[in-house]
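Peer 1: One file is attached below, query.cif, containing mmCIF, C-alpha atoms and all ligand atoms.
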```cif
data_target
loop_
_atom_site.label_atom_id
_atom_site.label_comp_id
_atom_site.auth_asym_id
_atom_site.auth_seq_id
_atom_site.Cartn_x
_atom_site.Cartn_y
_atom_site.Cartn_z
CA MET V 39 -175.82 -2.90 29.84
CA THR V 40 -176.54 -5.87 32.05
CA ILE V 41 -175.78 -9.16 30.37
CA PRO V 42 -178.42 -11.77 31.21
CA ALA V 43 -177.54 -15.29 32.35
CA THR V 44 -179.54 -17.02 29.63
CA MET V 45 -180.47 -16.23 26.05
CA ARG V 46 -182.79 -17.27 23.24
CA ILE V 47 -181.24 -19.63 20.72
CA VAL V 48 -182.31 -21.83 17.83
CA GLU V 49 -180.81 -25.31 17.88
CA ALA V 50 -181.08 -28.66 16.13
CA ALA V 51 -181.99 -31.05 18.92
CA HIS V 52 -181.06 -33.96 16.63
CA PRO V 53 -179.93 -34.34 12.99
CA GLY V 54 -182.68 -33.99 10.39
CA GLY V 55 -184.59 -31.70 8.03
CA PRO V 56 -185.22 -27.98 8.59
CA GLU V 57 -188.04 -28.82 11.04
CA VAL V 58 -185.53 -29.99 13.69
CA LEU V 59 -184.50 -26.35 14.17
CA ARG V 60 -186.38 -25.24 17.29
CA PRO V 61 -186.22 -22.21 19.61
CA GLY V 62 -184.64 -22.88 23.00
CA THR V 63 -182.60 -21.24 25.73
CA ALA V 64 -178.93 -21.58 26.67
CA PRO V 65 -176.45 -19.89 29.01
CA VAL V 66 -174.95 -16.67 27.61
CA PRO V 67 -171.32 -17.45 26.67
CA THR V 68 -168.47 -15.59 28.35
CA ALA V 69 -165.68 -14.00 26.32
CA LYS V 70 -162.34 -15.78 26.69
CA ALA V 71 -159.22 -13.56 26.97
CA ASP V 72 -158.89 -13.15 23.18
CA GLU V 73 -162.64 -12.87 22.47
CA VAL V 74 -165.38 -10.27 22.29
CA LEU V 75 -168.95 -11.02 23.39
CA ILE V 76 -171.39 -9.74 20.77
CA ARG V 77 -175.07 -8.92 21.35
CA VAL V 78 -176.25 -10.44 18.11
CA GLN V 79 -178.54 -8.30 15.92
CA VAL V 80 -178.22 -10.41 12.78
CA ALA V 81 -176.89 -13.87 11.93
CA GLY V 82 -176.17 -15.23 8.45
CA VAL V 83 -177.37 -18.58 7.11
CA ASN V 84 -174.77 -20.55 5.15
CA ARG V 85 -174.72 -23.94 3.39
CA PRO V 86 -172.34 -25.33 6.06
CA ASP V 87 -175.15 -24.61 8.62
CA VAL V 88 -177.39 -26.94 6.61
CA ALA V 89 -174.66 -29.60 6.65
CA GLN V 90 -174.25 -29.17 10.44
CA ARG V 91 -178.03 -29.48 10.94
CA THR V 92 -178.11 -32.79 9.04
CA GLY V 93 -175.20 -34.14 11.09
CA ALA V 94 -172.78 -34.11 8.13
CA TYR V 95 -170.55 -31.30 9.47
CA PRO V 96 -170.02 -31.59 13.24
CA PRO V 97 -168.46 -28.61 15.04
CA PRO V 98 -164.69 -28.91 15.58
CA PRO V 99 -163.45 -29.60 19.15
CA GLY V 100 -163.82 -26.58 21.43
CA ALA V 101 -166.29 -24.74 19.17
CA SER V 102 -169.85 -23.85 20.22
CA PRO V 103 -172.17 -26.77 19.45
CA LEU V 104 -174.75 -24.26 18.21
CA ILE V 105 -175.19 -23.52 14.49
CA GLY V 106 -174.19 -20.12 13.07
CA LEU V 107 -170.89 -19.04 11.50
CA GLU V 108 -171.39 -15.26 11.15
CA VAL V 109 -173.00 -12.47 13.14
CA ALA V 110 -173.20 -8.70 13.36
CA GLY V 111 -174.04 -6.71 16.45
CA GLU V 112 -172.70 -4.72 19.39
CA VAL V 113 -169.72 -5.58 21.58
CA VAL V 114 -171.03 -5.96 25.16
CA ALA V 115 -167.97 -7.51 26.86
CA ILE V 116 -164.30 -7.94 26.02
CA GLY V 117 -161.69 -10.48 27.13
CA ALA V 118 -158.63 -9.38 29.08
CA ALA V 119 -156.31 -9.52 26.04
CA VAL V 120 -158.60 -7.69 23.57
CA ARG V 121 -156.97 -4.50 22.24
CA THR V 122 -158.93 -3.42 19.13
CA TYR V 123 -162.52 -3.20 20.34
CA ASN V 124 -164.39 -1.49 23.13
CA ILE V 125 -167.83 -2.04 24.60
CA GLY V 126 -170.43 -0.45 22.31
CA ASP V 127 -168.46 -1.00 19.07
CA ARG V 128 -170.47 -2.32 16.13
CA VAL V 129 -168.77 -5.37 14.64
CA CYS V 130 -169.28 -8.38 12.44
CA ALA V 131 -167.49 -11.66 13.04
CA LEU V 132 -166.67 -15.00 11.51
CA THR V 133 -167.61 -17.14 14.50
CA ASN V 134 -166.51 -20.66 15.38
CA GLY V 135 -170.22 -21.48 15.84
CA GLY V 136 -173.05 -20.21 18.00
CA GLY V 137 -174.43 -17.48 15.73
CA TYR V 138 -178.10 -18.53 16.00
CA ALA V 139 -178.38 -16.90 19.43
CA GLU V 140 -178.86 -13.56 21.19
CA TYR V 141 -175.20 -13.49 22.28
CA CYS V 142 -172.13 -14.96 20.63
CA ALA V 143 -168.45 -14.94 21.62
CA ALA V 144 -165.94 -14.60 18.78
CA PRO V 145 -162.16 -14.19 18.67
CA GLU V 146 -161.09 -10.56 18.29
CA ALA V 147 -158.89 -11.68 15.36
CA GLN V 148 -161.97 -12.87 13.42
CA THR V 149 -163.92 -9.66 14.04
CA LEU V 150 -164.15 -6.64 11.73
CA PRO V 151 -165.92 -3.27 12.03
CA TRP V 152 -169.05 -2.50 10.03
CA PRO V 153 -168.06 -0.85 6.72
CA LYS V 154 -169.00 2.83 6.36
CA GLY V 155 -172.77 3.40 6.19
CA TYR V 156 -173.58 -0.26 6.93
CA ASP V 157 -176.34 -1.49 9.21
CA ALA V 158 -176.33 -4.83 11.07
CA LEU V 159 -178.13 -6.65 8.27
CA ARG V 160 -175.57 -5.78 5.59
CA ALA V 161 -172.59 -6.19 7.94
CA GLY V 162 -173.81 -9.61 9.07
CA ALA V 163 -173.97 -10.78 5.47
CA LEU V 164 -170.21 -10.31 4.99
CA PRO V 165 -167.97 -12.57 7.10
CA GLU V 166 -168.50 -16.15 5.89
CA THR V 167 -168.41 -15.48 2.16
CA PHE V 168 -165.72 -12.77 2.29
CA PHE V 169 -163.37 -14.88 4.45
CA THR V 170 -163.97 -17.94 2.23
CA VAL V 171 -163.61 -16.14 -1.10
CA TRP V 172 -160.53 -14.20 -0.04
CA ALA V 173 -158.82 -17.32 1.34
CA ASN V 174 -159.63 -19.51 -1.66
CA LEU V 175 -159.78 -17.26 -4.71
CA PHE V 176 -157.01 -14.82 -3.80
CA MET V 177 -154.74 -16.54 -1.24
CA SER V 178 -154.81 -20.19 -2.47
CA GLY V 179 -156.01 -19.48 -6.03
CA ARG V 180 -153.60 -16.53 -6.43
CA LEU V 181 -156.06 -14.70 -8.71
CA THR V 182 -154.55 -11.45 -10.00
CA ALA V 183 -155.64 -8.54 -12.19
CA GLY V 184 -155.88 -9.42 -15.86
CA GLU V 185 -156.59 -13.10 -15.21
CA ARG V 186 -159.78 -15.02 -16.01
CA VAL V 187 -161.76 -16.98 -13.42
CA LEU V 188 -164.68 -19.41 -13.63
CA ILE V 189 -166.95 -19.33 -10.58
CA HIS V 190 -169.39 -22.19 -10.16
CA GLY V 191 -172.58 -21.55 -8.19
CA GLY V 192 -172.44 -17.93 -9.33
CA THR V 193 -175.55 -16.88 -7.42
CA SER V 194 -174.72 -18.70 -4.19
CA GLY V 195 -173.70 -16.52 -1.26
CA ILE V 196 -170.13 -17.49 -2.07
CA GLY V 197 -170.55 -16.99 -5.82
CA VAL V 198 -172.02 -13.50 -5.54
CA THR V 199 -169.04 -12.38 -3.43
CA ALA V 200 -166.56 -14.17 -5.70
CA ILE V 201 -167.86 -12.50 -8.88
CA GLN V 202 -167.82 -9.05 -7.27
CA LEU V 203 -164.33 -9.38 -5.76
CA ALA V 204 -162.84 -10.90 -8.90
CA VAL V 205 -164.14 -7.97 -10.96
CA ALA V 206 -163.15 -5.39 -8.32
CA PHE V 207 -159.58 -6.72 -8.39
CA GLY V 208 -159.34 -6.51 -12.18
CA ALA V 209 -160.02 -10.10 -13.21
CA THR V 210 -162.53 -11.24 -15.84
CA ALA V 211 -165.18 -13.41 -14.19
CA TYR V 212 -167.31 -16.13 -15.76
CA ALA V 213 -169.94 -18.02 -13.79
CA THR V 214 -172.27 -21.00 -13.93
CA ALA V 215 -175.77 -21.14 -12.47
CA GLY V 216 -178.84 -23.35 -12.63
CA SER V 217 -181.40 -21.11 -14.41
CA ASP V 218 -181.59 -18.30 -16.96
CA HIS V 219 -182.82 -15.98 -14.19
CA LYS V 220 -179.65 -16.76 -12.19
CA VAL V 221 -177.49 -16.35 -15.30
CA ALA V 222 -178.91 -12.83 -15.71
CA ALA V 223 -178.09 -12.11 -12.06
CA CYS V 224 -174.45 -13.20 -12.58
CA LEU V 225 -174.13 -10.84 -15.54
CA LYS V 226 -175.66 -8.00 -13.52
CA LEU V 227 -173.07 -8.61 -10.79
CA GLY V 228 -170.29 -8.05 -13.32
CA ALA V 229 -169.58 -11.45 -14.85
CA ALA V 230 -168.35 -11.16 -18.45
CA GLY V 231 -170.16 -14.39 -19.30
CA ALA V 232 -172.53 -16.75 -17.50
CA ILE V 233 -173.59 -20.29 -18.37
CA ASN V 234 -176.81 -22.11 -17.47
CA TYR V 235 -175.27 -25.49 -16.64
CA ARG V 236 -178.65 -27.24 -17.00
CA SER V 237 -179.04 -26.29 -20.68
CA GLN V 238 -175.40 -25.85 -21.77
CA ASP V 239 -172.12 -27.73 -21.28
CA PHE V 240 -169.98 -25.34 -19.28
CA GLY V 241 -166.80 -27.05 -20.51
CA ASP V 242 -167.59 -26.19 -24.14
CA GLU V 243 -169.02 -22.78 -23.32
CA ILE V 244 -166.04 -21.59 -21.29
CA LYS V 245 -163.69 -22.51 -24.15
CA ALA V 246 -165.90 -20.54 -26.55
CA LEU V 247 -166.10 -17.54 -24.20
CA THR V 248 -162.28 -17.44 -23.82
CA ASP V 249 -161.40 -18.06 -27.50
CA GLY V 250 -160.16 -21.53 -26.65
CA ARG V 251 -157.64 -20.34 -24.08
CA GLY V 252 -159.46 -21.34 -20.88
CA VAL V 253 -159.38 -19.69 -17.46
CA ASP V 254 -156.58 -19.16 -14.96
CA VAL V 255 -158.62 -20.11 -11.88
CA VAL V 256 -161.75 -22.20 -11.25
CA LEU V 257 -163.60 -21.83 -7.92
CA ASP V 258 -165.65 -25.00 -7.54
CA MET V 259 -168.24 -26.27 -5.08
CA VAL V 260 -169.53 -29.22 -7.14
CA GLY V 261 -166.51 -31.56 -7.10
CA ALA V 262 -166.48 -34.94 -8.83
CA ALA V 263 -169.26 -34.25 -11.34
CA TYR V 264 -167.31 -31.24 -12.66
CA PHE V 265 -163.71 -32.46 -12.22
CA PRO V 266 -162.78 -33.45 -15.81
CA ARG V 267 -164.45 -30.36 -17.28
CA ASN V 268 -162.80 -28.10 -14.67
CA ILE V 269 -159.39 -29.50 -15.65
CA ARG V 270 -160.20 -28.99 -19.34
CA ALA V 271 -161.34 -25.42 -18.63
CA LEU V 272 -157.97 -24.41 -17.15
CA ALA V 273 -155.29 -22.57 -19.12
CA ILE V 274 -151.57 -23.33 -18.68
CA ASP V 275 -150.52 -22.75 -15.04
CA GLY V 276 -154.23 -22.77 -14.06
CA ARG V 277 -155.47 -23.36 -10.51
CA LEU V 278 -158.55 -25.37 -9.48
CA VAL V 279 -159.78 -24.54 -5.96
CA LEU V 280 -162.30 -26.96 -4.44
CA ILE V 281 -164.46 -25.64 -1.59
CA ALA V 282 -167.33 -28.18 -1.52
CA PHE V 283 -168.59 -31.38 -3.11
CA LEU V 284 -172.27 -30.72 -3.87
CA GLY V 285 -171.87 -33.12 -6.84
CA GLY V 286 -169.83 -35.81 -5.05
CA ALA V 287 -166.27 -36.23 -3.77
CA LYS V 288 -165.15 -39.48 -5.43
CA PHE V 289 -163.98 -39.67 -9.03
CA ASP V 290 -161.88 -42.18 -10.92
CA GLY V 291 -161.14 -43.09 -14.48
CA MET V 292 -159.64 -39.74 -15.40
CA ASP V 293 -156.45 -39.11 -17.38
CA LEU V 294 -154.28 -36.96 -15.09
CA THR V 295 -151.81 -36.04 -17.84
CA PRO V 296 -153.11 -32.45 -18.36
CA ILE V 297 -152.29 -31.61 -14.72
CA MET V 298 -148.63 -32.30 -15.51
CA THR V 299 -148.38 -31.07 -19.07
CA ARG V 300 -150.32 -27.82 -18.45
CA ARG V 301 -148.71 -27.27 -15.01
CA LEU V 302 -152.09 -27.17 -13.22
CA THR V 303 -152.58 -26.83 -9.46
CA VAL V 304 -155.47 -28.61 -7.73
CA THR V 305 -156.11 -27.39 -4.21
CA GLY V 306 -158.94 -26.78 -1.74
CA SER V 307 -159.72 -25.99 1.86
CA THR V 308 -162.31 -25.71 4.57
CA MET V 309 -162.64 -22.59 6.72
CA ARG V 310 -164.01 -23.76 10.05
CA PRO V 311 -161.12 -25.96 11.32
CA ARG V 312 -158.50 -23.28 10.66
CA THR V 313 -156.81 -21.81 13.75
CA THR V 314 -157.65 -18.35 15.10
CA ALA V 315 -154.26 -17.15 13.86
CA GLN V 316 -154.99 -18.44 10.35
CA LYS V 317 -158.46 -16.86 10.29
CA GLY V 318 -156.92 -13.69 11.76
CA ALA V 319 -154.45 -13.54 8.86
CA ILE V 320 -157.38 -13.64 6.42
CA ALA V 321 -159.19 -10.95 8.43
CA ALA V 322 -156.11 -8.72 8.31
CA GLU V 323 -156.00 -8.93 4.50
CA LEU V 324 -159.76 -8.30 4.29
CA SER V 325 -159.35 -5.26 6.52
CA SER V 326 -156.60 -3.69 4.42
CA LYS V 327 -157.64 -4.78 0.92
CA VAL V 328 -161.41 -5.44 0.84
CA TRP V 329 -163.07 -3.32 3.56
CA PRO V 330 -162.01 -0.11 1.72
CA LEU V 331 -163.95 -1.38 -1.33
CA LEU V 332 -167.01 -1.98 0.85
CA ASP V 333 -166.58 1.49 2.39
CA GLN V 334 -166.62 2.95 -1.14
CA GLY V 335 -169.58 0.83 -2.30
CA ARG V 336 -167.46 -0.88 -4.99
CA CYS V 337 -168.84 -4.25 -3.85
CA ALA V 338 -171.74 -5.02 -1.52
CA PRO V 339 -173.65 -7.99 -0.12
CA VAL V 340 -176.76 -9.14 -1.97
CA ILE V 341 -179.48 -10.11 0.50
CA HIS V 342 -182.18 -12.39 -0.90
CA ALA V 343 -184.37 -12.88 2.18
CA THR V 344 -184.52 -12.17 5.90
CA PHE V 345 -186.30 -14.24 8.57
CA PRO V 346 -186.68 -13.77 12.34
CA LEU V 347 -184.38 -16.12 14.29
CA ALA V 348 -187.37 -18.20 15.41
CA GLU V 349 -188.08 -18.97 11.72
CA ALA V 350 -184.62 -20.42 11.03
CA ALA V 351 -186.32 -23.60 9.76
CA GLN V 352 -187.95 -21.63 6.92
CA ALA V 353 -184.59 -20.00 6.14
CA HIS V 354 -182.95 -23.44 5.85
CA ALA V 355 -185.78 -24.73 3.66
CA LEU V 356 -185.31 -21.77 1.33
CA MET V 357 -181.56 -22.41 1.14
CA GLU V 358 -182.14 -26.07 0.31
CA SER V 359 -184.59 -25.08 -2.44
CA SER V 360 -181.62 -23.32 -4.14
CA THR V 361 -184.01 -20.67 -5.47
CA HIS V 362 -182.18 -17.84 -3.71
CA ILE V 363 -179.69 -15.37 -5.18
CA GLY V 364 -177.19 -14.18 -2.57
CA LYS V 365 -177.59 -14.28 1.17
CA ILE V 366 -180.31 -15.52 3.53
CA MET V 367 -180.26 -13.76 6.90
CA LEU V 368 -181.76 -14.11 10.39
CA THR V 369 -182.73 -11.07 12.45
CA VAL V 370 -182.18 -11.57 16.17
CA ALA V 371 -182.60 -8.13 17.79
CA ASP V 372 -182.77 -4.41 16.90
N1 LIG V 401 -164.63 -24.74 1.99
C1 LIG V 401 -165.04 -23.66 2.63
O1 LIG V 401 -164.27 -23.01 3.35
C2 LIG V 401 -166.46 -23.21 2.46
C3 LIG V 401 -166.95 -22.13 3.22
C4 LIG V 401 -168.28 -21.71 3.00
C5 LIG V 401 -169.08 -22.38 2.09
N2 LIG V 401 -168.56 -23.45 1.42
C6 LIG V 401 -169.37 -24.16 0.45
O2 LIG V 401 -169.61 -23.31 -0.65
C7 LIG V 401 -170.89 -23.65 -1.21
C8 LIG V 401 -171.72 -22.38 -1.30
O3 LIG V 401 -172.06 -21.98 0.01
P1 LIG V 401 -173.21 -20.90 0.22
O4 LIG V 401 -173.38 -20.73 1.68
O5 LIG V 401 -172.91 -19.74 -0.63
O6 LIG V 401 -174.45 -21.74 -0.33
P2 LIG V 401 -175.74 -21.39 -1.19
O7 LIG V 401 -175.97 -19.92 -1.23
O8 LIG V 401 -176.82 -22.25 -0.71
O9 LIG V 401 -175.33 -21.84 -2.65
C9 LIG V 401 -175.21 -23.15 -3.12
C10 LIG V 401 -175.56 -23.11 -4.61
O10 LIG V 401 -174.97 -24.24 -5.24
C11 LIG V 401 -175.76 -24.59 -6.35
N3 LIG V 401 -175.87 -26.06 -6.32
C12 LIG V 401 -176.46 -26.82 -5.41
N4 LIG V 401 -176.32 -28.13 -5.74
C13 LIG V 401 -175.64 -28.16 -6.89
C14 LIG V 401 -175.18 -29.20 -7.73
N5 LIG V 401 -175.38 -30.49 -7.46
N6 LIG V 401 -174.51 -28.88 -8.85
C15 LIG V 401 -174.28 -27.58 -9.16
N7 LIG V 401 -174.67 -26.55 -8.38
C16 LIG V 401 -175.35 -26.84 -7.26
C17 LIG V 401 -177.12 -23.94 -6.21
O11 LIG V 401 -177.31 -23.00 -7.26
P3 LIG V 401 -177.80 -23.46 -8.73
O12 LIG V 401 -179.26 -23.19 -8.84
O13 LIG V 401 -177.00 -22.60 -9.62
O14 LIG V 401 -177.51 -24.91 -8.87
C18 LIG V 401 -177.04 -23.22 -4.88
O15 LIG V 401 -177.63 -21.97 -4.92
C19 LIG V 401 -171.53 -24.69 -0.32
O16 LIG V 401 -171.34 -25.96 -0.88
C20 LIG V 401 -170.73 -24.56 0.97
O17 LIG V 401 -170.69 -25.76 1.71
C21 LIG V 401 -167.29 -23.86 1.58
#
```
Output the file's structure in the form of structure tokens.

Peer 2:
Amino acid sequence: MTIPATMRIVEAAHPGGPEVLRPGTAPVPTAKADEVLIRVQVAGVNRPDVAQRTGAYPPPPGASPLIGLEVAGEVVAIGAAVRTYNIGDRVCALTNGGGYAEYCAAPEAQTLPWPKGYDALRAGALPETFFTVWANLFMSGRLTAGERVLIHGGTSGIGVTAIQLAVAFGATAYATAGSDHKVAACLKLGAAGAINYRSQDFGDEIKALTDGRGVDVVLDMVGAAYFPRNIRALAIDGRLVLIAFLGGAKFDGMDLTPIMTRRLTVTGSTMRPRTTAQKGAIAAELSSKVWPLLDQGRCAPVIHATFPLAEAAQAHALMESSTHIGKIMLTVAD
């Protein structure tokens, strides 16, 4: 196919609310030596996109200034060093930015094939949450079969993937969510227990659900507001993994003694600033350990809503309403 010189995009001309997202045009990117150029069929919407739109999460140096961290589509050009993919292959990719566009370049190392039987919509819903959950719950959090895990934001894009993967790998998952409807969704996804944090204290509830023992891992996106209760929820040798601070990042006045006496680990990470090699190492584990589960239908993305690219503002407004369960997606082309 002929690759055009320019493409349709959606961009935030300046920081602000969802309404700053406007259609525009930009030059089609070229694939660097280690990259594939993807004709984007679908792009995923993620909470970090909202943070970038408001100006709170600027792209790292060298990354596309455009919003959009995951895409699925067709490879239309390959860099000189690319070995795995050929033109015409259907792929999904964790991008370094630039997903809200008709074409997006992504490192080969961050690109994976569509699982068996998948279309662009379902494939495009995978990269951001599967890379993040694998890196944090399994690599940093060292979750193993037979362990117990508490997943906050159980119906977020991240939470839905975390519950499913925890269960698929033999762990017992518990989750928190902000309504009874969302609690029911967590249970349907395989959680052994789910807590409506608006009507119940998750610190007390998780102790009751685990016969006072606590959990081995907590995956948290709330931060300061949950910190003392997260520490209390952990069993001996427990691990707290922080991936966002929706409830604040600063906390003082806490007794740190349990971290020492119960041998706890407190860690966290962000995905976007990692190197291509680091993201590639996560992709390699996903390819060998998780893609077979997707191929077999043992876990699957949950798609809440789909909007055309030009309606990205409505997609962001929906995400900020926090009424969704699972993923919000943008369709770009057939
Ligand atoms: N560190 C990383 O590498 C990384 C990568 C990707 C995403 N993230 C972070 O992970 C989080 C989830 O991302 P996502 O794309 O899956 O977002 P999402 O689908 O929009 O989910 C966020 C959920 O968090 C809950 N929430 C919002 N404010 C809250 C608060 N103050 N207290 C408790 N819960 C709150 C909401 O559900 P309720 O109705 O249940 O409150 C909401 O649905 C985001 O914070 C994102 O920035 C981190």

Peer 1: Could you please extract the residues within 7 Å of ligand LIG 401 (chain V), counting all atoms listed in the file, and hand them back as a PyMOL selection string?

Peer 2: chain V and resi 84-86+166-167+170+191-197+214-217+220+259-260+281-285+307-310+357-358+360-365

Peer 1: When distances are computed from all atoms listed in the file, which of V:Val187, V:Val253, V:Ala371, V:Ala119 shows the smallest separation from Met45 in chain V?

Peer 2: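 Closest residue, counting all atoms listed in the file: V:Ala371.
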
Peer 1: Report, in Å with one decimal, the straight-line distance from CA of Ala315 in chain V to CA of Ala206 in chain V.

Peer 2: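 So the answer is 26.6 Å.
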
Peer 1: If we count all atoms listed in the file, what is near Pro98 in chain V at a cut-off of 9 Å, once residues fewer than 4 positions away on the same chain are taken out, given as a compact mmCIF listing (two decimals) with C-alpha atoms, in the coordinates of the input?

Peer 2:
```
# COMPACT_ATOMS: atom_id res chain seq x y z
CA SER V 102 -169.85 -23.85 20.22
CA PRO V 103 -172.17 -26.77 19.45
CA ASN V 134 -166.51 -20.66 15.38
CA ARG V 310 -164.01 -23.76 10.05
CA PRO V 311 -161.12 -25.96 11.32
```

Peer 1: Of the candidates V:Ala230, V:Gly208, V:Thr122, V:Val48, which one gets nearest to Gly136 in chain V if we count all atoms listed in the file?

Peer 2: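 Looking only at the distances to Gly136 in chain V, the closest residue turns out to be V:Val48.
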
Peer 1: Please check which residues have atoms at most 12 Å from (-158.0, -13.6, -0.4) in the file's coordinates, counting all atoms listed in the file, and write them as a PyMOL selection string.

Peer 2: chain V and resi 167-182+199-200+203-204+207+317+319-328

Peer 1: Could you check which of V:Ala50, V:Leu247, V:Ala81, V:Val109 is closest to Pro96 in chain V, using all atoms listed in the file?

Peer 2: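 Smallest distance to Pro96 in chain V is found for V:Ala50.
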
Peer 1: Calculated over all atoms listed in the file, which of the candidates V:Ala246, V:Ile105, V:Cys130, V:Ala287 has the smallest distance to Pro165 in chain V?

Peer 2: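 Checking each of V:Ala246, V:Ile105, V:Cys130, V:Ala287 against Pro165 in chain V, counting all atoms listed in the file, the winner is V:Cys130.
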
Peer 1: In terms of the shortest atom-to-atom distance over all atoms listed in the file, which of V:Val198, V:Leu75, V:Ile41, V:Leu280 is closest to Ala118 in chain V?

Peer 2: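 Among V:Val198, V:Leu75, V:Ile41, V:Leu280, it is V:Leu75 that comes nearest to Ala118 in chain V.
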
Peer 1: What is the distance, in Å and to one decimal place, between CA of Ala213 in chain V and CA of Ala229 in chain V?

Peer 2: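 Atom-to-atom, CA of Ala213 in chain V and CA of Ala229 in chain V are spaced 6.7 Å apart.
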
Peer 1: Any idea what the distance is between CA of Tyr138 in chain V and CA of Gly106 in chain V?

Peer 2: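 Distance reported for this atom pair: 5.1 Å.
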
Peer 1: Produce range 214-227 of chain V of the given structure as output with N, CA, C and O atoms, as an mmCIF file, in the first residue's frame.

Peer 2:
```
data_model
loop_
_atom_site.group_PDB
_atom_site.id
_atom_site.type_symbol
_atom_site.label_atom_id
_atom_site.label_comp_id
_atom_site.auth_asym_id
_atom_site.auth_seq_id
_atom_site.Cartn_x
_atom_site.Cartn_y
_atom_site.Cartn_z
ATOM 1 N N THR V 214 -11.157 -4.111 45.385
ATOM 2 C CA THR V 214 -12.018 -3.028 45.848
ATOM 3 C C THR V 214 -12.580 -2.295 44.634
ATOM 4 O O THR V 214 -11.978 -2.277 43.562
ATOM 5 N N ALA V 215 -13.753 -1.691 44.825
ATOM 6 C CA ALA V 215 -14.374 -0.897 43.759
ATOM 7 C C ALA V 215 -15.389 0.045 44.397
ATOM 8 O O ALA V 215 -15.764 -0.130 45.562
ATOM 9 N N GLY V 216 -15.833 1.034 43.599
ATOM 10 C CA GLY V 216 -16.591 2.142 44.167
ATOM 11 C C GLY V 216 -18.103 2.022 44.114
ATOM 12 O O GLY V 216 -18.797 3.004 44.406
ATOM 13 N N SER V 217 -18.655 0.856 43.745
ATOM 14 C CA SER V 217 -20.110 0.682 43.763
ATOM 15 C C SER V 217 -20.428 -0.808 43.863
ATOM 16 O O SER V 217 -19.575 -1.653 43.549
ATOM 17 N N ASP V 218 -21.667 -1.115 44.254
ATOM 18 C CA ASP V 218 -22.066 -2.523 44.347
ATOM 19 C C ASP V 218 -22.080 -3.175 42.958
ATOM 20 O O ASP V 218 -21.757 -4.356 42.800
ATOM 21 N N HIS V 219 -22.459 -2.388 41.953
ATOM 22 C CA HIS V 219 -22.444 -2.889 40.572
ATOM 23 C C HIS V 219 -21.026 -3.309 40.183
ATOM 24 O O HIS V 219 -20.800 -4.376 39.584
ATOM 25 N N LYS V 220 -20.029 -2.478 40.546
ATOM 26 C CA LYS V 220 -18.636 -2.806 40.227
ATOM 27 C C LYS V 220 -18.148 -3.992 41.057
ATOM 28 O O LYS V 220 -17.356 -4.811 40.572
ATOM 29 N N VAL V 221 -18.601 -4.071 42.305
ATOM 30 C CA VAL V 221 -18.239 -5.218 43.145
ATOM 31 C C VAL V 221 -18.706 -6.508 42.477
ATOM 32 O O VAL V 221 -17.961 -7.494 42.396
ATOM 33 N N ALA V 222 -19.940 -6.500 41.968
ATOM 34 C CA ALA V 222 -20.471 -7.694 41.289
ATOM 35 C C ALA V 222 -19.613 -8.037 40.067
ATOM 36 O O ALA V 222 -19.353 -9.213 39.790
ATOM 37 N N ALA V 223 -19.153 -7.004 39.360
ATOM 38 C CA ALA V 223 -18.318 -7.248 38.171
ATOM 39 C C ALA V 223 -16.995 -7.898 38.569
ATOM 40 O O ALA V 223 -16.499 -8.799 37.881
ATOM 41 N N CYS V 224 -16.400 -7.462 39.692
ATOM 42 C CA CYS V 224 -15.138 -8.060 40.159
ATOM 43 C C CYS V 224 -15.331 -9.544 40.462
ATOM 44 O O CYS V 224 -14.485 -10.371 40.117
ATOM 45 N N LEU V 225 -16.447 -9.858 41.108
ATOM 46 C CA LEU V 225 -16.719 -11.266 41.456
ATOM 47 C C LEU V 225 -16.901 -12.091 40.184
ATOM 48 O O LEU V 225 -16.403 -13.211 40.073
ATOM 49 N N LYS V 226 -17.595 -11.511 39.205
ATOM 50 C CA LYS V 226 -17.815 -12.215 37.938
ATOM 51 C C LYS V 226 -16.489 -12.485 37.209
ATOM 52 O O LYS V 226 -16.334 -13.486 36.514
ATOM 53 N N LEU V 227 -15.536 -11.577 37.390
ATOM 54 C CA LEU V 227 -14.227 -11.756 36.744
ATOM 55 C C LEU V 227 -13.381 -12.812 37.436
ATOM 56 O O LEU V 227 -12.313 -13.173 36.946
#
```
